[in-house]
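Student: The structure follows.
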Amino acid sequence: MILHTVLPGETLYSIAARYGVSTAELIANNAPIDPDRPTVGRSLIILRPRALYTVRAGDTLEQIAQNQGITLRELYRNNPRLIENPDIYPGEELVLSYEGEKLGDILSNGYAYSFISPETQRKSLPYLTNFTLFTYGFDEQGNLIAPTPDDTPAIRLALEEGSAPILLLSTLGPDDTFDNRLASALFSNPAAIDNLIAQLLAVMAQKGFRAVDIDFEYVLPADKEGFVAFVNTLGQALRANGYELLVALAPKTYASQPGLLYEAHDYPALGAAADAVLLMTYEWGYAFGAPQAIAPIDKVEAVINYALGEIPAEKIFLGIPNYGYDWTLPYTPGGPRATTISPRQALELADQYGAEILFDERAASPYFYYTSSDGKEHVVWFEDARSYDRKLRLLAEKGLAGFSIWTVMNDTPDLLLTANSLFDIL
């Protein structure tokens, strides 16, 4: 994979000629894009096929994959158009592999809500080892509360496409905030814990979940030991029934880091109790805060380095954001919140307003300014192929287990294509 930053005056035709690829391939791998006037500063993904297969009459995708020594999921990842339309015809060329050496094998996870559309879900599943549904809840008696709408269709589709569905359990309340009082009530009530575990096991067996992901945020410092004890108890019960336990961890950089988000997240104890942990390495730039990168690489790496001192590398998943924020300027504390947008929407905004995309080298994150039709100034921070490339390479450098995307509710072509170029996804 080659990453090309668009320069003033370049067109897709001139870029394609420079790298010896077709404009059709550039458009397919970098949509949405204006072929005559691509956004200056934008990062384009250039993929050069190493091995091709020409479809013959009677071929099926399953036969092609088997005969060429790759998995069907690999064939889909190398030819994303097949995900939406798996029909093939004689004479069509399919990519078996691309130029460039892979950095190794990697695991992957994607979060989604139960109302994700089948079309969007299908686009990400070939790239996902695990597919985690957000979120199940519970009451003070330990009664499990299922997400709405029903998550059964999304679970079935994940299983059909070879991704392991994971049940996410959180303390998120109906007001969309994490309820630490609910966590406290659970930790102090053994009967509620037993009830919750029994209901979790029943739902997992019924629906086909393979693991539970615990996402308890803003746990009170006084409940630190209770949280660890609960995770230990749940982990033992899950493993006794053939399941695994994952725990989402706040992005700490040292053990005694102050703040309600961090204090009860005991990295060594929770890491020992879980089969894997997911570092929530995002939200430095957040909706109610000042404009800045969502996941600056220097801060992300600081969290990884602390985690590696407390938890085995093979247990750690790196969280990667699939979103950005659009702030209205000037920013004033307590003023209007930033608007959450997808990376695709960010690119569309830059194209619409003729903005030049800039890149902050220290944060390894793209951003741009524009003036909206109402005359207001804006700044947008988001993620692109360059920022994803920098984060994903940390996985190989640090020996981590994999990456976890929040969320796959939006199209994720830059992230998924970059991950597939760098790693063999298991």
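Residue numbering restarts at 1 in every chain; chains get A, B, ... in the order shown in the structure tokens, and ligands count up from 1 in that same order.
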May I have all residues of region 294-335 of chain A that DSSP, computed from the backbone, assigns to alpha helix (DSSP H), given as a PyMOL selection string?

Tutor: chain A and resi 297-308

Student: Keeping only C-alpha atoms, write those residues as a compact mmCIF listing (two decimals), in the first residue's frame.

Tutor:
# COMPACT_ATOMS: atom_id res chain seq x y z
CA ILE A 297 -0.67 9.30 18.40
CA ASP A 298 1.60 10.51 21.21
CA LYS A 299 -1.14 10.08 23.80
CA VAL A 300 -2.26 6.75 22.32
CA GLU A 301 1.29 5.43 22.54
CA ALA A 302 1.62 6.61 26.14
CA VAL A 303 -1.44 4.51 27.08
CA ILE A 304 -0.06 1.48 25.26
CA ASN A 305 3.28 1.80 27.03
CA TYR A 306 1.62 1.94 30.44
CA ALA A 307 -0.65 -1.02 29.59
CA LEU A 308 2.34 -3.10 28.48

Student: List as a count of residues only the protein and nucleic acid residues near region 402-404 of chain A, meaning an atom at most 6 Å away when only C-alpha atoms are counted, but skip any in the same chain fewer than 5 places from it.

Tutor: 9

Student: Would you pick out the contacts of Leu47 (chain A) at 10 Å or less, using only C-alpha atoms, so that residues sharing its chain but fewer than 2 positions from it are not included, and give the list as a ChimeraX atom specification?

Tutor: /A:1-3,19,21,25-26,29,44-45,49-50,78,97-100,417-418,421

Student: Output C-alpha atoms of each residue in that selection to a file, as a PDB file, in the first residue's frame.

Tutor:
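So the final result, stored in out.pdb, reads:
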ATOM      1  CA  MET A   1       0.000   0.000   0.000  1.00  0.00           C
ATOM      2  CA  ILE A   2       1.174   3.499  -0.892  1.00  0.00           C
ATOM      3  CA  LEU A   3      -0.273   6.626   0.714  1.00  0.00           C
ATOM      4  CA  TYR A  19       1.704   5.031  -9.803  1.00  0.00           C
ATOM      5  CA  VAL A  21      -2.856   2.135 -11.567  1.00  0.00           C
ATOM      6  CA  GLU A  25      -9.193   1.611  -8.912  1.00  0.00           C
ATOM      7  CA  LEU A  26      -8.360   4.937  -7.269  1.00  0.00           C
ATOM      8  CA  ASN A  29     -10.535   2.676  -3.005  1.00  0.00           C
ATOM      9  CA  LEU A  44      -5.199   8.521  -1.094  1.00  0.00           C
ATOM     10  CA  ILE A  45      -4.735   4.768  -0.815  1.00  0.00           C
ATOM     11  CA  PRO A  49      -2.133  -6.101  -7.199  1.00  0.00           C
ATOM     12  CA  ARG A  50       0.571  -8.731  -6.865  1.00  0.00           C
ATOM     13  CA  ASN A  78      -9.019  -8.066  -1.445  1.00  0.00           C
ATOM     14  CA  SER A  97      -2.947 -10.436  -3.068  1.00  0.00           C
ATOM     15  CA  TYR A  98      -1.450  -6.939  -3.174  1.00  0.00           C
ATOM     16  CA  GLU A  99       2.150  -5.771  -3.250  1.00  0.00           C
ATOM     17  CA  GLY A 100       3.800  -5.145   0.103  1.00  0.00           C
ATOM     18  CA  LEU A 417      -8.275  -1.201   3.551  1.00  0.00           C
ATOM     19  CA  THR A 418      -5.274  -0.010   5.556  1.00  0.00           C
ATOM     20  CA  SER A 421      -2.852  -4.019   3.597  1.00  0.00           C
TER      21      SER A 421
END

Student: From the set A:Asn67, A:Asn232, A:Ser14, A:Ser114, which residue has the shortest atom-to-atom contact distance to Phe187 (chain A), counting only C-alpha atoms?

Tutor: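 Of all the options, A:Asn232 lies closest to Phe187 (chain A).
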
Student: For Gly324 (chain A), work out the shell of residues within 8 Å, counting only C-alpha atoms and skipping chain neighbours fewer than 5 positions away, then give it as an MDAnalysis selection string.

Tutor: chainID A and resid 294 340:343 346 380:383

Student: For those residues, write N, CA and C atoms to a file as a tab-separated table (two decimals), in the first residue's frame.

Tutor:
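Writing the result to out06.tsv gives the following:
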chain	number	residue	atom	x	y	z
A	294	ILE	N	-8.86	13.58	18.00
A	294	ILE	CA	-9.63	12.63	18.80
A	294	ILE	C	-8.72	11.59	19.44
A	340	THR	N	-20.75	15.29	15.83
A	340	THR	CA	-20.06	14.06	15.48
A	340	THR	C	-20.29	13.75	14.00
A	341	ILE	N	-19.22	13.47	13.28
A	341	ILE	CA	-19.33	13.14	11.86
A	341	ILE	C	-18.44	11.92	11.56
A	342	SER	N	-18.76	11.23	10.48
A	342	SER	CA	-17.94	10.11	10.05
A	342	SER	C	-16.76	10.62	9.23
A	343	PRO	N	-15.70	9.83	9.08
A	343	PRO	CA	-14.59	10.25	8.20
A	343	PRO	C	-15.07	10.55	6.78
A	346	ALA	N	-16.56	13.95	6.76
A	346	ALA	CA	-15.51	14.96	6.84
A	346	ALA	C	-14.93	15.23	5.46
A	380	VAL	N	-12.55	20.93	11.70
A	380	VAL	CA	-12.90	19.51	11.75
A	380	VAL	C	-11.64	18.70	12.00
A	381	TRP	N	-11.67	17.85	13.03
A	381	TRP	CA	-10.63	16.85	13.27
A	381	TRP	C	-11.25	15.49	13.00
A	382	PHE	N	-10.53	14.63	12.28
A	382	PHE	CA	-11.08	13.32	11.93
A	382	PHE	C	-9.94	12.33	11.76
A	383	GLU	N	-10.21	11.17	11.19
A	383	GLU	CA	-9.20	10.14	10.93
A	383	GLU	C	-9.15	9.84	9.44

Student: Which one of A:Leu103, A:Asp384, A:Ala211, A:Gln63 sits closest to Ala237 (chain A) if you count only C-alpha atoms?

Tutor: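 Checking each of A:Leu103, A:Asp384, A:Ala211, A:Gln63 against Ala237 (chain A), counting only C-alpha atoms, the winner is A:Ala211.
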
Student: Find, counting only C-alpha atoms, the residue in A:Tyr89, A:Tyr323, A:Phe368, A:Tyr13 that gets nearest to Thr412 (chain A).

Tutor: A:Tyr323

Student: Of the residues A:Ala385, A:Val40, A:Leu395, A:Ala255, which is the one nearest to Leu415 (chain A), using only C-alpha atoms?

Tutor: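 Of A:Ala385, A:Val40, A:Leu395, A:Ala255, the one nearest Leu415 (chain A) is A:Ala385, counting only C-alpha atoms.
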
Student: Identify all residues of region 51-236 of chain A in strand (DSSP E or B) (DSSP on the backbone) and supply them as an NGL selection string.

Tutor: :A and (51-54 or 93-98 or 105-113 or 130-138 or 144-145 or 164-170 or 172 or 178 or 211-215)

Student: Go ahead and write the selection's residues with N, CA and C atoms as a tab-separated table (two decimals), in the first residue's frame.

Tutor:
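So the final result, stored in again.tsv, reads:
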chain	number	residue	atom	x	y	z
A	51	ALA	N	-0.98	-10.56	-7.30
A	51	ALA	CA	-1.46	-11.78	-7.96
A	51	ALA	C	-2.93	-11.62	-8.30
A	52	LEU	N	-3.27	-11.94	-9.54
A	52	LEU	CA	-4.65	-11.85	-10.03
A	52	LEU	C	-5.14	-13.21	-10.47
A	53	TYR	N	-6.45	-13.38	-10.43
A	53	TYR	CA	-7.07	-14.60	-10.96
A	53	TYR	C	-8.16	-14.19	-11.94
A	54	THR	N	-8.16	-14.80	-13.12
A	54	THR	CA	-9.18	-14.53	-14.12
A	54	THR	C	-10.29	-15.57	-14.01
A	93	GLU	N	-11.32	-10.13	-13.46
A	93	GLU	CA	-10.09	-10.33	-12.71
A	93	GLU	C	-10.32	-10.05	-11.23
A	94	LEU	N	-9.92	-10.98	-10.41
A	94	LEU	CA	-10.01	-10.84	-8.96
A	94	LEU	C	-8.61	-10.75	-8.38
A	95	VAL	N	-8.46	-9.91	-7.37
A	95	VAL	CA	-7.16	-9.75	-6.71
A	95	VAL	C	-7.00	-10.84	-5.65
A	96	LEU	N	-5.91	-11.58	-5.74
A	96	LEU	CA	-5.59	-12.59	-4.73
A	96	LEU	C	-4.68	-12.01	-3.65
A	97	SER	N	-3.82	-11.09	-4.04
A	97	SER	CA	-2.95	-10.44	-3.07
A	97	SER	C	-2.44	-9.13	-3.65
A	98	TYR	N	-2.00	-8.23	-2.77
A	98	TYR	CA	-1.45	-6.94	-3.17
A	98	TYR	C	0.04	-6.88	-2.86
A	105	ASP	N	0.04	-11.52	11.69
A	105	ASP	CA	-1.37	-11.84	11.93
A	105	ASP	C	-1.93	-10.92	13.01
A	106	ILE	N	-3.21	-10.62	12.88
A	106	ILE	CA	-3.83	-9.70	13.84
A	106	ILE	C	-5.28	-10.09	14.06
A	107	LEU	N	-5.79	-9.80	15.25
A	107	LEU	CA	-7.20	-9.95	15.54
A	107	LEU	C	-7.88	-8.58	15.43
A	108	SER	N	-9.19	-8.59	15.20
A	108	SER	CA	-9.90	-7.32	15.05
A	108	SER	C	-11.28	-7.41	15.68
A	109	ASN	N	-11.78	-6.27	16.08
A	109	ASN	CA	-13.11	-6.18	16.68
A	109	ASN	C	-13.78	-4.90	16.20
A	110	GLY	N	-15.09	-4.98	16.00
A	110	GLY	CA	-15.86	-3.81	15.64
A	110	GLY	C	-17.09	-3.71	16.51
A	111	TYR	N	-17.32	-2.52	17.07
A	111	TYR	CA	-18.53	-2.27	17.86
A	111	TYR	C	-19.66	-1.77	16.97
A	112	ALA	N	-20.89	-2.15	17.30
A	112	ALA	CA	-22.06	-1.66	16.57
A	112	ALA	C	-23.28	-1.73	17.48
A	113	TYR	N	-24.26	-0.92	17.16
A	113	TYR	CA	-25.56	-1.00	17.84
A	113	TYR	C	-26.43	-2.03	17.13
A	130	ASN	N	-14.08	-10.33	15.56
A	130	ASN	CA	-15.18	-10.23	16.53
A	130	ASN	C	-16.11	-9.09	16.14
A	131	PHE	N	-17.40	-9.28	16.46
A	131	PHE	CA	-18.40	-8.25	16.22
A	131	PHE	C	-19.16	-8.05	17.52
A	132	THR	N	-18.97	-6.89	18.16
A	132	THR	CA	-19.51	-6.64	19.49
A	132	THR	C	-20.73	-5.74	19.43
A	133	LEU	N	-21.83	-6.21	20.05
A	133	LEU	CA	-23.10	-5.48	20.03
A	133	LEU	C	-23.26	-4.66	21.29
A	134	PHE	N	-23.47	-3.39	21.12
A	134	PHE	CA	-23.62	-2.41	22.19
A	134	PHE	C	-25.11	-2.05	22.31
A	135	THR	N	-25.74	-2.21	23.45
A	135	THR	CA	-25.24	-2.71	24.70
A	135	THR	C	-26.37	-3.39	25.45
A	136	TYR	N	-26.02	-4.43	26.22
A	136	TYR	CA	-26.94	-5.00	27.20
A	136	TYR	C	-26.75	-4.23	28.51
A	137	GLY	N	-27.83	-4.12	29.27
A	137	GLY	CA	-27.77	-3.48	30.58
A	137	GLY	C	-28.33	-4.42	31.64
A	138	PHE	N	-28.54	-3.89	32.85
A	138	PHE	CA	-29.09	-4.71	33.94
A	138	PHE	C	-29.68	-3.78	34.99
A	144	LEU	N	-31.07	-8.96	33.38
A	144	LEU	CA	-30.44	-8.51	32.15
A	144	LEU	C	-31.45	-7.74	31.30
A	145	ILE	N	-31.01	-6.63	30.71
A	145	ILE	CA	-31.86	-5.81	29.85
A	145	ILE	C	-31.28	-5.85	28.44
A	164	ALA	N	-17.14	-13.61	15.18
A	164	ALA	CA	-17.67	-14.07	16.46
A	164	ALA	C	-18.46	-12.94	17.13
A	165	PRO	N	-19.76	-13.15	17.40
A	165	PRO	CA	-20.54	-12.11	18.08
A	165	PRO	C	-20.21	-12.05	19.57
A	166	ILE	N	-20.09	-10.83	20.08
A	166	ILE	CA	-19.75	-10.62	21.48
A	166	ILE	C	-20.82	-9.76	22.12
A	167	LEU	N	-21.23	-10.15	23.32
A	167	LEU	CA	-22.24	-9.41	24.08
A	167	LEU	C	-21.54	-8.36	24.93
A	168	LEU	N	-21.90	-7.12	24.74
A	168	LEU	CA	-21.35	-6.05	25.57
A	168	LEU	C	-22.30	-5.75	26.71
A	169	LEU	N	-21.76	-5.77	27.92
A	169	LEU	CA	-22.53	-5.45	29.12
A	169	LEU	C	-22.00	-4.15	29.69
A	170	SER	N	-22.90	-3.18	29.86
A	170	SER	CA	-22.46	-1.88	30.38
A	170	SER	C	-23.43	-1.37	31.43
A	172	LEU	N	-24.62	1.65	31.13
A	172	LEU	CA	-25.24	2.78	30.45
A	172	LEU	C	-26.73	2.80	30.76
A	178	PHE	N	-23.30	6.69	31.92
A	178	PHE	CA	-22.94	5.53	32.72
A	178	PHE	C	-23.33	5.76	34.17
A	211	ALA	N	-18.49	-14.44	23.66
A	211	ALA	CA	-17.78	-13.80	24.77
A	211	ALA	C	-18.61	-12.65	25.31
A	212	VAL	N	-18.21	-12.13	26.47
A	212	VAL	CA	-18.81	-10.94	27.06
A	212	VAL	C	-17.73	-9.86	27.13
A	213	ASP	N	-18.11	-8.65	26.80
A	213	ASP	CA	-17.23	-7.48	26.92
A	213	ASP	C	-17.82	-6.57	27.99
A	214	ILE	N	-17.07	-6.34	29.06
A	214	ILE	CA	-17.52	-5.48	30.16
A	214	ILE	C	-17.07	-4.04	29.90
A	215	ASP	N	-18.03	-3.12	29.86
A	215	ASP	CA	-17.72	-1.69	29.69
A	215	ASP	C	-18.40	-0.92	30.80

Student: Tell me which protein, DNA and RNA residues are within 6 Å of region 219-221 of chain A, counting only C-alpha atoms, leaving out same-chain ones fewer than 6 positions away, and put them as a list in words.

Tutor: Asn180, Glu263 and Ala264 of chain A

Student: Can I get the selection written as a PDB file, in the first residue's frame, with C-alpha atoms?

Tutor:
ATOM      1  CA  ASN A 180     -21.944   4.212  38.760  1.00  0.00           C
ATOM      2  CA  GLU A 263      -9.332   5.477  39.349  1.00  0.00           C
ATOM      3  CA  ALA A 264     -11.328   2.215  39.540  1.00  0.00           C
TER       4      ALA A 264
END

Student: As an MDAnalysis selection string, please: the residues near Ala272 (chain A) (cut-off 9 Å, only C-alpha atoms, same-chain neighbours under 5 positions excluded).

Tutor: chainID A and resid 232 267 311:312

Student: Residues within 9 Å of Tyr367 (chain A), please, as a list in words. Count only C-alpha atoms; anything in the same chain fewer than 2 positions from it doesn't count.

Tutor: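 In the requested form, the answer reads Gln292, Ala293, Glu356, Ile357, Leu358, Phe359, Asp360, Ser365, Tyr369, Val379, Val380, Trp381, Phe382 and Glu383 of chain A.
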
Student: Nearest to Arg362 (chain A): which of A:Arg210, A:Pro296, A:Ala401, A:Thr148 is it, counting only C-alpha atoms?

Tutor: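 Checking each candidate against Arg362 (chain A), we get A:Pro296 as the closest.
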